[in-house]
$ cat run.pdb   # PDB, C-alpha atoms
MODEL        1
ATOM      1  CA  MET E   2      77.137  99.742  92.621
ATOM      2  CA  ASP E   3      79.569  98.020  90.257
ATOM      3  CA  PHE E   4      82.104  95.790  92.030
ATOM      4  CA  THR E   5      83.865  94.794  88.800
ATOM      5  CA  LEU E   6      87.590  95.486  88.905
ATOM      6  CA  THR E   7      89.139  97.546  86.140
ATOM      7  CA  ASP E   8      91.955  96.111  84.033
ATOM      8  CA  GLU E   9      94.422  98.239  86.012
ATOM      9  CA  GLN E  10      93.086  96.929  89.318
ATOM     10  CA  VAL E  11      93.301  93.329  88.134
ATOM     11  CA  LEU E  12      96.912  93.965  87.135
ATOM     12  CA  LEU E  13      97.641  95.535  90.528
ATOM     13  CA  ARG E  14      96.121  92.584  92.381
ATOM     14  CA  ASP E  15      97.874  89.965  90.257
ATOM     15  CA  THR E  16     101.224  91.748  90.481
ATOM     16  CA  ALA E  17     100.918  92.073  94.257
ATOM     17  CA  ARG E  18      99.959  88.401  94.592
ATOM     18  CA  ALA E  19     102.918  87.243  92.515
ATOM     19  CA  LEU E  20     105.346  89.527  94.361
ATOM     20  CA  LEU E  21     104.213  88.580  97.856
ATOM     21  CA  THR E  22     103.976  84.870  97.102
ATOM     22  CA  LYS E  23     107.592  84.950  95.944
ATOM     23  CA  GLU E  24     109.095  87.358  98.464
ATOM     24  CA  CYS E  25     107.104  86.459 101.596
ATOM     25  CA  PRO E  26     107.028  82.689 102.059
ATOM     26  CA  THR E  27     106.146  81.315 105.462
ATOM     27  CA  THR E  28     109.851  80.648 106.038
ATOM     28  CA  LEU E  29     110.416  84.417 106.071
ATOM     29  CA  VAL E  30     107.452  84.930 108.410
ATOM     30  CA  ARG E  31     108.889  82.345 110.797
ATOM     31  CA  ALA E  32     112.380  83.878 110.616
ATOM     32  CA  HIS E  33     110.876  87.263 111.513
ATOM     33  CA  LEU E  34     109.590  85.802 114.787
ATOM     34  CA  ASP E  35     113.171  85.509 116.048
ATOM     35  CA  ASP E  36     114.811  88.336 114.103
ATOM     36  CA  PRO E  37     112.755  91.317 112.842
ATOM     37  CA  SER E  38     115.509  92.195 110.369
ATOM     38  CA  ALA E  39     114.570  89.050 108.442
ATOM     39  CA  ALA E  40     111.773  91.133 106.887
ATOM     40  CA  ASP E  41     114.170  93.801 105.570
ATOM     41  CA  PRO E  42     114.466  92.200 102.099
ATOM     42  CA  LEU E  43     110.675  92.184 101.859
ATOM     43  CA  TRP E  44     110.512  95.854 102.835
ATOM     44  CA  ARG E  45     112.865  96.737  99.981
ATOM     45  CA  HIS E  46     110.132  95.509  97.650
ATOM     46  CA  LEU E  47     107.160  96.892  99.560
ATOM     47  CA  ARG E  48     108.596 100.390  99.880
ATOM     48  CA  ASP E  49     107.696 100.916  96.215
ATOM     49  CA  TRP E  50     104.044 100.351  97.149
ATOM     50  CA  VAL E  51     103.797 102.792 100.062
ATOM     51  CA  VAL E  52     102.480 105.391  97.628
ATOM     52  CA  LEU E  53      99.182 103.475  97.513
ATOM     53  CA  GLY E  54      98.418 105.261 100.775
ATOM     54  CA  ASP E  55      98.069 108.436  98.704
ATOM     55  CA  GLY E  56      95.677 106.954  96.172
ATOM     56  CA  PRO E  57      92.211 105.426  96.028
ATOM     57  CA  LEU E  58      91.421 103.214  98.988
ATOM     58  CA  VAL E  59      90.080 100.462  96.728
ATOM     59  CA  ASP E  60      93.524 100.090  95.148
ATOM     60  CA  GLN E  61      95.248  99.955  98.514
ATOM     61  CA  CYS E  62      92.721  97.396  99.760
ATOM     62  CA  LEU E  63      93.529  95.133  96.821
ATOM     63  CA  PHE E  64      97.203  95.269  97.774
ATOM     64  CA  LEU E  65      96.575  94.840 101.491
ATOM     65  CA  GLU E  66      94.378  91.831 100.868
ATOM     66  CA  GLU E  67      97.412  90.129  99.353
ATOM     67  CA  CYS E  68      99.566  91.268 102.286
ATOM     68  CA  GLY E  69      97.121  89.632 104.668
ATOM     69  CA  ALA E  70      97.110  86.477 102.584
ATOM     70  CA  VAL E  71     100.812  85.935 103.359
ATOM     71  CA  ALA E  72     100.802  87.542 106.850
ATOM     72  CA  ALA E  73     103.443  90.005 105.645
ATOM     73  CA  PRO E  74     105.543  91.387 108.522
ATOM     74  CA  GLY E  75     107.426  94.673 108.668
ATOM     75  CA  PRO E  76     106.593  98.385 108.614
ATOM     76  CA  TYR E  77     104.435  98.529 105.481
ATOM     77  CA  PHE E  78     101.048  98.708 107.196
ATOM     78  CA  ALA E  79     102.198 101.237 109.797
ATOM     79  CA  THR E  80     103.843 103.436 107.159
ATOM     80  CA  SER E  81     101.423 103.308 104.236
ATOM     81  CA  VAL E  82      98.098 102.897 106.031
ATOM     82  CA  LEU E  83      98.641 104.914 109.225
ATOM     83  CA  TYR E  84     101.558 107.331 108.942
ATOM     84  CA  LEU E  85     101.412 108.578 105.340
ATOM     85  CA  PRO E  86      97.671 109.446 105.264
ATOM     86  CA  LEU E  87      98.022 111.166 108.646
ATOM     87  CA  LEU E  88     100.780 113.410 107.304
ATOM     88  CA  ARG E  89      98.527 114.319 104.380
ATOM     89  CA  ALA E  90      95.630 115.062 106.731
ATOM     90  CA  LEU E  91      97.861 117.404 108.739
ATOM     91  CA  GLY E  92      99.193 119.165 105.638
ATOM     92  CA  TYR E  93     102.830 118.029 105.880
ATOM     93  CA  ASP E  94     103.062 117.381 102.157
ATOM     94  CA  ASP E  95     106.852 117.640 101.781
ATOM     95  CA  GLN E  96     107.441 115.041 104.467
ATOM     96  CA  ALA E  97     104.601 112.900 103.113
ATOM     97  CA  ASP E  98     106.266 112.902  99.707
ATOM     98  CA  GLU E  99     109.381 111.386 101.281
ATOM     99  CA  VAL E 100     107.315 108.690 102.944
ATOM    100  CA  ALA E 101     105.410 107.957  99.727
ATOM    101  CA  ALA E 102     108.730 107.533  97.934
ATOM    102  CA  GLY E 103     109.767 104.879 100.444
ATOM    103  CA  GLU E 104     112.545 107.016 101.903
ATOM    104  CA  LEU E 105     111.108 107.184 105.446
ATOM    105  CA  THR E 106     109.081 104.825 107.611
ATOM    106  CA  GLY E 107     106.682 105.838 110.333
ATOM    107  CA  THR E 108     103.989 104.743 112.729
ATOM    108  CA  VAL E 109     101.305 106.319 114.905
ATOM    109  CA  ALA E 110     101.061 106.375 118.713
ATOM    110  CA  TRP E 111      97.378 107.012 119.261
ATOM    111  CA  ALA E 112      95.487 104.523 121.440
ATOM    112  CA  GLY E 113      95.523 104.448 125.211
ATOM    113  CA  LEU E 114      95.928 101.317 127.278
ATOM    114  CA  ASP E 115      92.285 100.452 126.591
ATOM    115  CA  GLY E 116      93.230 100.005 122.937
ATOM    116  CA  ARG E 117      90.609 102.426 121.646
ATOM    117  CA  TRP E 118      91.460 104.779 118.798
ATOM    118  CA  THR E 119      89.236 107.561 120.068
ATOM    119  CA  PHE E 120      89.750 111.236 120.865
ATOM    120  CA  ASP E 121      89.673 110.752 124.626
ATOM    121  CA  THR E 122      93.144 111.315 126.040
ATOM    122  CA  PRO E 123      94.346 108.912 128.745
ATOM    123  CA  SER E 124      95.942 110.483 131.793
ATOM    124  CA  HIS E 125      98.688 107.950 132.329
ATOM    125  CA  GLY E 126     101.068 109.203 129.640
ATOM    126  CA  VAL E 127     101.217 105.982 127.630
ATOM    127  CA  ARG E 128     100.205 105.206 124.065
ATOM    128  CA  ALA E 129      99.603 101.518 123.436
ATOM    129  CA  PHE E 130      99.322  99.240 120.399
ATOM    130  CA  VAL E 131     101.987 101.199 118.523
ATOM    131  CA  LEU E 132     103.150  99.167 115.541
ATOM    132  CA  GLU E 133     106.877  98.663 114.868
ATOM    133  CA  ALA E 134     107.837 101.581 117.125
ATOM    134  CA  ASP E 135     111.466 100.505 117.490
ATOM    135  CA  ARG E 136     112.165 100.038 113.768
ATOM    136  CA  VAL E 137     110.586 103.075 112.092
ATOM    137  CA  ASP E 138     112.166 106.466 111.464
ATOM    138  CA  ARG E 139     109.361 108.632 112.883
ATOM    139  CA  VAL E 140     106.438 108.301 115.274
ATOM    140  CA  ALA E 141     103.331 110.481 115.113
ATOM    141  CA  VAL E 142     102.155 111.045 118.691
ATOM    142  CA  ARG E 143      98.676 112.155 119.689
ATOM    143  CA  TYR E 144      98.388 114.723 122.464
ATOM    144  CA  PRO E 145      95.341 116.391 124.038
ATOM    145  CA  GLY E 146      93.363 118.651 121.775
ATOM    146  CA  PRO E 147      93.599 116.535 119.712
ATOM    147  CA  SER E 148      96.986 117.675 118.548
ATOM    148  CA  ILE E 149      99.546 115.617 116.677
ATOM    149  CA  TRP E 150     103.326 115.778 116.561
ATOM    150  CA  PRO E 151     104.266 113.560 113.602
ATOM    151  CA  PHE E 152     108.066 113.623 113.798
ATOM    152  CA  ALA E 153     108.904 112.179 117.200
ATOM    153  CA  THR E 154     112.113 110.165 117.571
ATOM    154  CA  ASP E 155     114.078 108.604 120.443
ATOM    155  CA  LEU E 156     110.936 107.852 122.429
ATOM    156  CA  ARG E 157     110.927 105.440 125.323
ATOM    157  CA  VAL E 158     109.268 102.301 123.999
ATOM    158  CA  ARG E 159     108.473  98.925 125.545
ATOM    159  CA  ARG E 160     107.827  95.801 123.516
ATOM    160  CA  VAL E 161     104.507  94.200 124.412
ATOM    161  CA  GLY E 162     103.949  90.499 123.991
ATOM    162  CA  SER E 163     101.078  89.738 121.648
ATOM    163  CA  LEU E 164      99.393  86.833 119.969
ATOM    164  CA  ASP E 165     100.689  87.845 116.542
ATOM    165  CA  SER E 166     104.470  88.103 116.541
ATOM    166  CA  THR E 167     104.493  89.144 112.879
ATOM    167  CA  ARG E 168     102.950  92.490 113.899
ATOM    168  CA  ARG E 169     105.112  93.821 116.708
ATOM    169  CA  LEU E 170     103.379  96.031 119.281
ATOM    170  CA  PHE E 171     104.840  98.586 121.671
ATOM    171  CA  GLU E 172     103.875 100.967 124.421
ATOM    172  CA  VAL E 173     105.264 104.472 124.065
ATOM    173  CA  GLU E 174     105.739 106.882 126.964
ATOM    174  CA  VAL E 175     104.676 110.452 126.219
ATOM    175  CA  ASP E 176     104.596 113.711 128.133
ATOM    176  CA  GLU E 177     100.959 114.802 128.231
ATOM    177  CA  SER E 178     102.020 118.425 128.637
ATOM    178  CA  ASP E 179     103.574 118.439 125.145
ATOM    179  CA  ARG E 180     101.645 119.708 122.175
ATOM    180  CA  GLY E 181     101.772 119.152 118.470
ATOM    181  CA  GLN E 182      99.761 120.631 115.648
ATOM    182  CA  LEU E 183      96.083 121.079 116.379
ATOM    183  CA  ALA E 184      94.108 118.938 113.974
ATOM    184  CA  HIS E 185      90.550 119.146 112.730
ATOM    185  CA  GLN E 186      88.590 116.283 114.248
ATOM    186  CA  GLY E 187      86.707 115.649 111.014
ATOM    187  CA  ASP E 188      89.971 115.085 109.132
ATOM    188  CA  LEU E 189      91.157 112.670 111.801
ATOM    189  CA  GLU E 190      87.866 110.780 111.769
ATOM    190  CA  ARG E 191      88.191 110.296 108.007
ATOM    191  CA  TRP E 192      91.784 109.109 108.505
ATOM    192  CA  ILE E 193      90.702 106.528 111.096
ATOM    193  CA  GLU E 194      87.866 105.353 108.865
ATOM    194  CA  ARG E 195      90.269 104.824 105.975
ATOM    195  CA  ALA E 196      92.695 102.915 108.189
ATOM    196  CA  THR E 197      89.870 100.773 109.558
ATOM    197  CA  VAL E 198      88.707  99.725 106.096
ATOM    198  CA  ALA E 199      92.302  99.077 105.025
ATOM    199  CA  LEU E 200      92.843  96.780 108.004
ATOM    200  CA  ALA E 201      89.588  95.013 107.171
ATOM    201  CA  ALA E 202      90.923  94.319 103.687
ATOM    202  CA  GLU E 203      94.087  92.827 105.133
ATOM    203  CA  LEU E 204      91.976  90.675 107.480
ATOM    204  CA  LEU E 205      90.025  89.501 104.477
ATOM    205  CA  GLY E 206      93.223  88.255 102.844
ATOM    206  CA  THR E 207      94.115  86.300 105.972
ATOM    207  CA  ALA E 208      90.629  84.774 106.059
ATOM    208  CA  ARG E 209      90.962  83.781 102.414
ATOM    209  CA  THR E 210      94.254  81.996 103.059
ATOM    210  CA  LEU E 211      92.777  80.115 106.012
ATOM    211  CA  LEU E 212      89.859  79.041 103.825
ATOM    212  CA  GLU E 213      92.045  77.978 100.902
ATOM    213  CA  ARG E 214      94.479  76.039 103.083
ATOM    214  CA  THR E 215      91.614  74.295 104.853
ATOM    215  CA  ILE E 216      89.920  73.317 101.579
ATOM    216  CA  GLN E 217      93.202  71.898 100.296
ATOM    217  CA  TYR E 218      93.721  69.922 103.503
ATOM    218  CA  ALA E 219      90.158  68.570 103.342
ATOM    219  CA  LYS E 220      90.888  67.271  99.840
ATOM    220  CA  GLU E 221      94.128  65.566 100.894
ATOM    221  CA  ARG E 222      93.345  64.177 104.360
ATOM    222  CA  VAL E 223      91.876  60.692 104.075
ATOM    223  CA  GLN E 224      89.843  59.052 106.818
ATOM    224  CA  PHE E 225      87.840  55.826 106.520
ATOM    225  CA  ASP E 226      89.229  55.560 102.961
ATOM    226  CA  ASN E 227      87.629  58.878 101.930
ATOM    227  CA  PRO E 228      88.845  62.476 101.836
ATOM    228  CA  ILE E 229      87.407  64.273 104.841
ATOM    229  CA  GLY E 230      86.072  66.921 102.461
ATOM    230  CA  SER E 231      83.459  64.377 101.362
ATOM    231  CA  PHE E 232      81.925  64.322 104.842
ATOM    232  CA  GLN E 233      78.836  66.500 105.198
ATOM    233  CA  ALA E 234      79.859  67.987 108.544
ATOM    234  CA  VAL E 235      83.150  69.208 107.058
ATOM    235  CA  GLN E 236      81.394  70.517 103.946
ATOM    236  CA  HIS E 237      79.026  72.571 106.111
ATOM    237  CA  LYS E 238      81.947  74.203 107.922
ATOM    238  CA  LEU E 239      83.715  74.964 104.647
ATOM    239  CA  ALA E 240      80.520  76.462 103.230
ATOM    240  CA  ASP E 241      80.082  78.683 106.295
ATOM    241  CA  MET E 242      83.687  79.836 106.010
ATOM    242  CA  ALA E 243      83.263  80.631 102.311
ATOM    243  CA  LEU E 244      80.056  82.588 102.942
ATOM    244  CA  ALA E 245      81.712  84.619 105.698
ATOM    245  CA  VAL E 246      84.628  85.494 103.406
ATOM    246  CA  GLU E 247      82.259  86.461 100.593
ATOM    247  CA  ARG E 248      80.209  88.696 102.904
ATOM    248  CA  GLY E 249      83.392  90.284 104.172
ATOM    249  CA  TRP E 250      84.641  90.960 100.646
ATOM    250  CA  SER E 251      81.437  92.764  99.688
ATOM    251  CA  ALA E 252      81.422  94.830 102.881
ATOM    252  CA  VAL E 253      85.083  95.830 102.611
ATOM    253  CA  TYR E 254      85.002  96.980  99.003
ATOM    254  CA  TYR E 255      81.670  98.738  99.415
ATOM    255  CA  ALA E 256      83.200 100.673 102.318
ATOM    256  CA  ALA E 257      86.341 101.437 100.303
ATOM    257  CA  MET E 258      84.258 102.837  97.454
ATOM    258  CA  CYS E 259      82.232 104.922  99.911
ATOM    259  CA  VAL E 260      85.425 106.366 101.383
ATOM    260  CA  ASP E 261      86.821 107.157  97.930
ATOM    261  CA  ALA E 262      83.573 108.888  96.946
ATOM    262  CA  ASP E 263      83.193 110.624 100.344
ATOM    263  CA  HIS E 264      79.705 109.119 100.409
ATOM    264  CA  PRO E 265      77.505 109.883 103.447
ATOM    265  CA  ASP E 266      77.291 106.133 104.146
ATOM    266  CA  ARG E 267      81.051 105.887 104.698
ATOM    267  CA  HIS E 268      80.745 106.059 108.510
ATOM    268  CA  ARG E 269      78.371 103.105 108.717
ATOM    269  CA  ALA E 270      80.149 101.181 105.963
ATOM    270  CA  ALA E 271      83.539 101.363 107.708
ATOM    271  CA  HIS E 272      82.112  99.786 110.867
ATOM    272  CA  VAL E 273      80.329  97.091 108.865
ATOM    273  CA  ALA E 274      83.513  96.299 106.924
ATOM    274  CA  LYS E 275      85.689  95.796 109.990
ATOM    275  CA  ALA E 276      83.056  93.728 111.777
ATOM    276  CA  ALA E 277      82.401  91.563 108.709
ATOM    277  CA  ALA E 278      86.083  91.017 107.985
ATOM    278  CA  GLY E 279      86.728  90.186 111.633
ATOM    279  CA  ALA E 280      83.872  87.691 111.593
ATOM    280  CA  ALA E 281      85.233  86.071 108.418
ATOM    281  CA  ALA E 282      88.758  85.815 109.804
ATOM    282  CA  THR E 283      87.804  84.422 113.207
ATOM    283  CA  ARG E 284      85.278  81.997 111.685
ATOM    284  CA  SER E 285      87.916  80.753 109.237
ATOM    285  CA  ALA E 286      90.462  80.421 112.039
ATOM    286  CA  LYS E 287      88.114  78.519 114.361
ATOM    287  CA  ASP E 288      86.661  76.143 111.784
ATOM    288  CA  GLY E 289      89.956  75.830 109.945
ATOM    289  CA  ILE E 290      91.796  74.529 112.970
ATOM    290  CA  GLN E 291      88.952  72.112 113.753
ATOM    291  CA  ILE E 292      89.063  70.661 110.252
ATOM    292  CA  HIS E 293      92.861  70.378 110.399
ATOM    293  CA  GLY E 294      92.540  68.455 113.669
ATOM    294  CA  GLY E 295      95.611  67.773 115.785
ATOM    295  CA  VAL E 296      98.130  68.772 113.133
ATOM    296  CA  GLY E 297      96.697  72.300 113.123
ATOM    297  CA  TYR E 298      97.784  72.796 116.718
ATOM    298  CA  THR E 299     101.447  72.033 116.094
ATOM    299  CA  TRP E 300     104.108  74.717 115.923
ATOM    300  CA  GLU E 301     105.575  73.111 112.809
ATOM    301  CA  HIS E 302     102.356  73.581 110.830
ATOM    302  CA  ASP E 303     101.990  77.024 109.254
ATOM    303  CA  LEU E 304      98.293  77.376 110.043
ATOM    304  CA  HIS E 305      98.957  79.071 113.375
ATOM    305  CA  LEU E 306     100.757  81.968 111.668
ATOM    306  CA  PHE E 307      97.499  82.994 110.011
ATOM    307  CA  ILE E 308      95.296  82.177 112.992
ATOM    308  CA  ARG E 309      97.428  84.494 115.125
ATOM    309  CA  ARG E 310      97.204  87.277 112.553
ATOM    310  CA  ALA E 311      93.428  86.815 112.282
ATOM    311  CA  TYR E 312      92.686  87.122 115.994
ATOM    312  CA  ALA E 313      95.208  89.898 116.645
ATOM    313  CA  SER E 314      94.015  92.054 113.744
ATOM    314  CA  GLU E 315      90.405  91.488 114.738
ATOM    315  CA  HIS E 316      91.185  93.376 117.966
ATOM    316  CA  LEU E 317      93.225  96.158 116.358
ATOM    317  CA  LEU E 318      91.172  99.299 115.581
ATOM    318  CA  GLY E 319      88.130  97.816 117.278
ATOM    319  CA  THR E 320      86.622  94.356 117.702
ATOM    320  CA  GLN E 321      83.441  93.098 116.059
ATOM    321  CA  SER E 322      81.380  93.912 119.158
ATOM    322  CA  TRP E 323      82.863  97.419 119.425
ATOM    323  CA  HIS E 324      82.006  98.212 115.807
ATOM    324  CA  HIS E 325      78.521  96.759 116.278
ATOM    325  CA  ASP E 326      78.062  99.146 119.201
ATOM    326  CA  ARG E 327      79.143 102.070 117.029
ATOM    327  CA  LEU E 328      76.653 100.974 114.376
ATOM    328  CA  ALA E 329      73.933 100.974 117.009
ATOM    329  CA  ASP E 330      74.938 104.501 118.012
ATOM    330  CA  LEU E 331      74.613 105.659 114.396
ATOM    331  CA  LEU E 332      71.225 104.011 113.986
ATOM    332  CA  LEU E 333      69.841 105.423 117.224
ATOM    333  CA  ASP E 334      71.390 108.885 116.909
TER     334      ASP E 334
ENDMDL
END

$ encode --input "run.pdb" --output "structure tokens"
Amino acid sequence: MDFTLTDEQVLLRDTARALLTKECPTTLVRAHLDDPSAADPLWRHLRDWVVLGDGPLVDQCLFLEECGAVAAPGPYFATSVLYLPLLRALGYDDQADEVAAGELTGTVAWAGLDGRWTFDTPSHGVRAFVLEADRVDRVAVRYPGPSIWPFATDLRVRRVGSLDSTRRLFEVEVDESDRGQLAHQGDLERWIERATVALAAELLGTARTLLERTIQYAKERVQFDNPIGSFQAVQHKLADMALAVERGWSAVYYAAMCVDADHPDRHRAAHVAKAAAGAAATRSAKDGIQIHGGVGYTWEHDLHLFIRRAYASEHLLGTQSWHHDRLADLLLD
């Protein structure tokens, strides 16, 4: 399998990196913590990239990796990764065209209070872990069946406190007696697999930023008249972080290519990608904050913005252990 990027993909990645570096500094991320509308100028740029949700997953992963690298807030992930592909899976092409053009935003109310994105319907009438529910135009709600109603508005939502304030989570109250459009389970499974790999790519970008910032700090921080990066114990941690990121990169883009090719290995590869990216992000967060020492724990230092995103995203759409369990099920089936 050839992992070499095409010239067009290199251009996409470099353009995304330049755009997000300029338009999403950490000052914007911090401002979003207090006022979600602070991310509106960023959304005016990202809306032109929602259409990636209609294209090859590899291309979208390249863009999302750069989003994760800056911990980009706002409705892009919910709209392009979750809502748009779901509309396509359900056959609502006219509405999906509006979303792809950046004219509408949306999110998906799927998981129960246990946080699992499965087909089991909770009985308590609540959908949890709904991204940006108060700031999008439409919400796609899952009902028993499974059936989906993708155009819900004016729902009762409750903001839920979370580790990562750049990705705002809500609980949505639903009437379990309602019904939407019956959906083919196979189509929905493919949609969840695509979203899982996309999130893994974003996690990979966050892990990369944690690694790069930690390497830079290790070069600058001097102790006993030497940069701490010259100490063997620090070098070992940096090497472990780099290896975890490299493993995650290979797993994510292998899974993305499997999804694009509808390869039989796509089910296994999606689980491996999310677990590997989660391992890279949490390893980089843990070792990164240790290498930064006391300054890494301060609110004024930007490291915590990426640590929060790493741990929160590792739990979204399944933790490492959950995906390992699913891999075991596939192997033993």

$ closest_residue --input "run.pdb" --among "E:Pro86, E:Gly289, E:Gly103, E:Gly297" --to "Leu189 (chain E)" --atoms "only C-alpha atoms"
E:Pro86

$ closest_atom_pairs --input "run.pdb" --of "region 5-69 of chain E" --to "region 269-281 of chain E" --cutoff "12 Å" --atoms "only C-alpha atoms" --output "JSON lines"
{"residue": "E:Leu58", "atom": "CA", "partner": "E:Ala271", "partner_atom": "CA", "distance": 11.9}
{"residue": "E:Cys62", "atom": "CA", "partner": "E:Ala274", "partner_atom": "CA", "distance": 11.7}
{"residue": "E:Glu66", "atom": "CA", "partner": "E:Ala278", "partner_atom": "CA", "distance": 11.0}
{"residue": "E:Gly69", "atom": "CA", "partner": "E:Ala278", "partner_atom": "CA", "distance": 11.6}

$ write_last_selection --input "run.pdb" --atoms "C-alpha atoms" --output "mmCIF file, in the frame of the given file"
data_model
loop_
_atom_site.group_PDB
_atom_site.id
_atom_site.type_symbol
_atom_site.label_atom_id
_atom_site.label_comp_id
_atom_site.auth_asym_id
_atom_site.auth_seq_id
_atom_site.Cartn_x
_atom_site.Cartn_y
_atom_site.Cartn_z
ATOM 1 C CA LEU E 58 91.421 103.214 98.988
ATOM 2 C CA CYS E 62 92.721 97.396 99.760
ATOM 3 C CA GLU E 66 94.378 91.831 100.868
ATOM 4 C CA GLY E 69 97.121 89.632 104.668
#

$ resolve_selection --input "run.pdb" --expression "the PyMOL selection byres ((chain E and resi 238) around 12)" --output "PyMOL selection string"
chain E and resi 212+215-216+219+229-237+239-245+284-293

$ residues_around --input "run.pdb" --residues "region 73-76 of chain E" --least-positions-apart "3" --cutoff "7 Å" --atoms "all atoms listed in the file" --output "VMD selection string"
chain E and resid 25 30 40 44 68 to 69 79 to 80 106 133 167 to 168

$ resolve_selection --input "run.pdb" --expression "the PyMOL selection byres ((chain E and resi 172-188) around 10)" --output "ChimeraX atom specification"
/E:87,89-92,110-114,120,122-132,134-135,140-152,156-161,170-171,189-194

$ decode --input "run.pdb" --residues "region 103-109 of chain E" --atoms "all heavy atoms" --output "PDB file, in the first residue's frame"
ATOM      1  N   GLY E 103     -21.855  25.026   2.731  1.00  0.00           N
ATOM      2  CA  GLY E 103     -21.619  25.880   3.890  1.00  0.00           C
ATOM      3  C   GLY E 103     -22.780  26.763   4.262  1.00  0.00           C
ATOM      4  O   GLY E 103     -22.632  27.696   5.053  1.00  0.00           O
ATOM      5  N   GLU E 104     -23.971  26.459   3.721  1.00  0.00           N
ATOM      6  CA  GLU E 104     -25.142  27.291   3.981  1.00  0.00           C
ATOM      7  C   GLU E 104     -25.891  26.871   5.233  1.00  0.00           C
ATOM      8  O   GLU E 104     -26.665  27.655   5.787  1.00  0.00           O
ATOM      9  CB  GLU E 104     -26.088  27.232   2.771  1.00  0.00           C
ATOM     10  CG  GLU E 104     -25.466  27.787   1.493  1.00  0.00           C
ATOM     11  CD  GLU E 104     -26.325  27.532   0.268  1.00  0.00           C
ATOM     12  OE1 GLU E 104     -27.444  26.977   0.443  1.00  0.00           O
ATOM     13  OE2 GLU E 104     -25.892  27.849  -0.850  1.00  0.00           O
ATOM     14  N   LEU E 105     -25.717  25.629   5.680  1.00  0.00           N
ATOM     15  CA  LEU E 105     -26.373  25.119   6.882  1.00  0.00           C
ATOM     16  C   LEU E 105     -25.357  24.376   7.738  1.00  0.00           C
ATOM     17  O   LEU E 105     -24.430  23.750   7.219  1.00  0.00           O
ATOM     18  CB  LEU E 105     -27.518  24.161   6.521  1.00  0.00           C
ATOM     19  CG  LEU E 105     -28.808  24.731   5.948  1.00  0.00           C
ATOM     20  CD1 LEU E 105     -29.741  23.592   5.549  1.00  0.00           C
ATOM     21  CD2 LEU E 105     -29.497  25.628   6.963  1.00  0.00           C
ATOM     22  N   THR E 106     -25.558  24.439   9.052  1.00  0.00           N
ATOM     23  CA  THR E 106     -24.753  23.639   9.972  1.00  0.00           C
ATOM     24  C   THR E 106     -25.650  22.594  10.616  1.00  0.00           C
ATOM     25  O   THR E 106     -26.879  22.742  10.665  1.00  0.00           O
ATOM     26  CB  THR E 106     -24.121  24.510  11.065  1.00  0.00           C
ATOM     27  OG1 THR E 106     -25.168  25.206  11.775  1.00  0.00           O
ATOM     28  CG2 THR E 106     -23.161  25.525  10.466  1.00  0.00           C
ATOM     29  N   GLY E 107     -25.038  21.541  11.096  1.00  0.00           N
ATOM     30  CA  GLY E 107     -25.822  20.481  11.727  1.00  0.00           C
ATOM     31  C   GLY E 107     -24.975  19.638  12.649  1.00  0.00           C
ATOM     32  O   GLY E 107     -23.743  19.693  12.633  1.00  0.00           O
ATOM     33  N   THR E 108     -25.660  18.833  13.446  1.00  0.00           N
ATOM     34  CA  THR E 108     -24.996  17.890  14.334  1.00  0.00           C
ATOM     35  C   THR E 108     -25.869  16.656  14.458  1.00  0.00           C
ATOM     36  O   THR E 108     -26.964  16.600  13.880  1.00  0.00           O
ATOM     37  CB  THR E 108     -24.718  18.532  15.709  1.00  0.00           C
ATOM     38  OG1 THR E 108     -23.852  17.675  16.458  1.00  0.00           O
ATOM     39  CG2 THR E 108     -26.000  18.756  16.493  1.00  0.00           C
ATOM     40  N   VAL E 109     -25.409  15.674  15.218  1.00  0.00           N
ATOM     41  CA  VAL E 109     -26.110  14.397  15.326  1.00  0.00           C
ATOM     42  C   VAL E 109     -26.309  14.054  16.794  1.00  0.00           C
ATOM     43  O   VAL E 109     -25.361  14.072  17.580  1.00  0.00           O
ATOM     44  CB  VAL E 109     -25.325  13.271  14.620  1.00  0.00           C
ATOM     45  CG1 VAL E 109     -26.030  11.932  14.800  1.00  0.00           C
ATOM     46  CG2 VAL E 109     -25.158  13.599  13.139  1.00  0.00           C
TER      47      VAL E 109
END
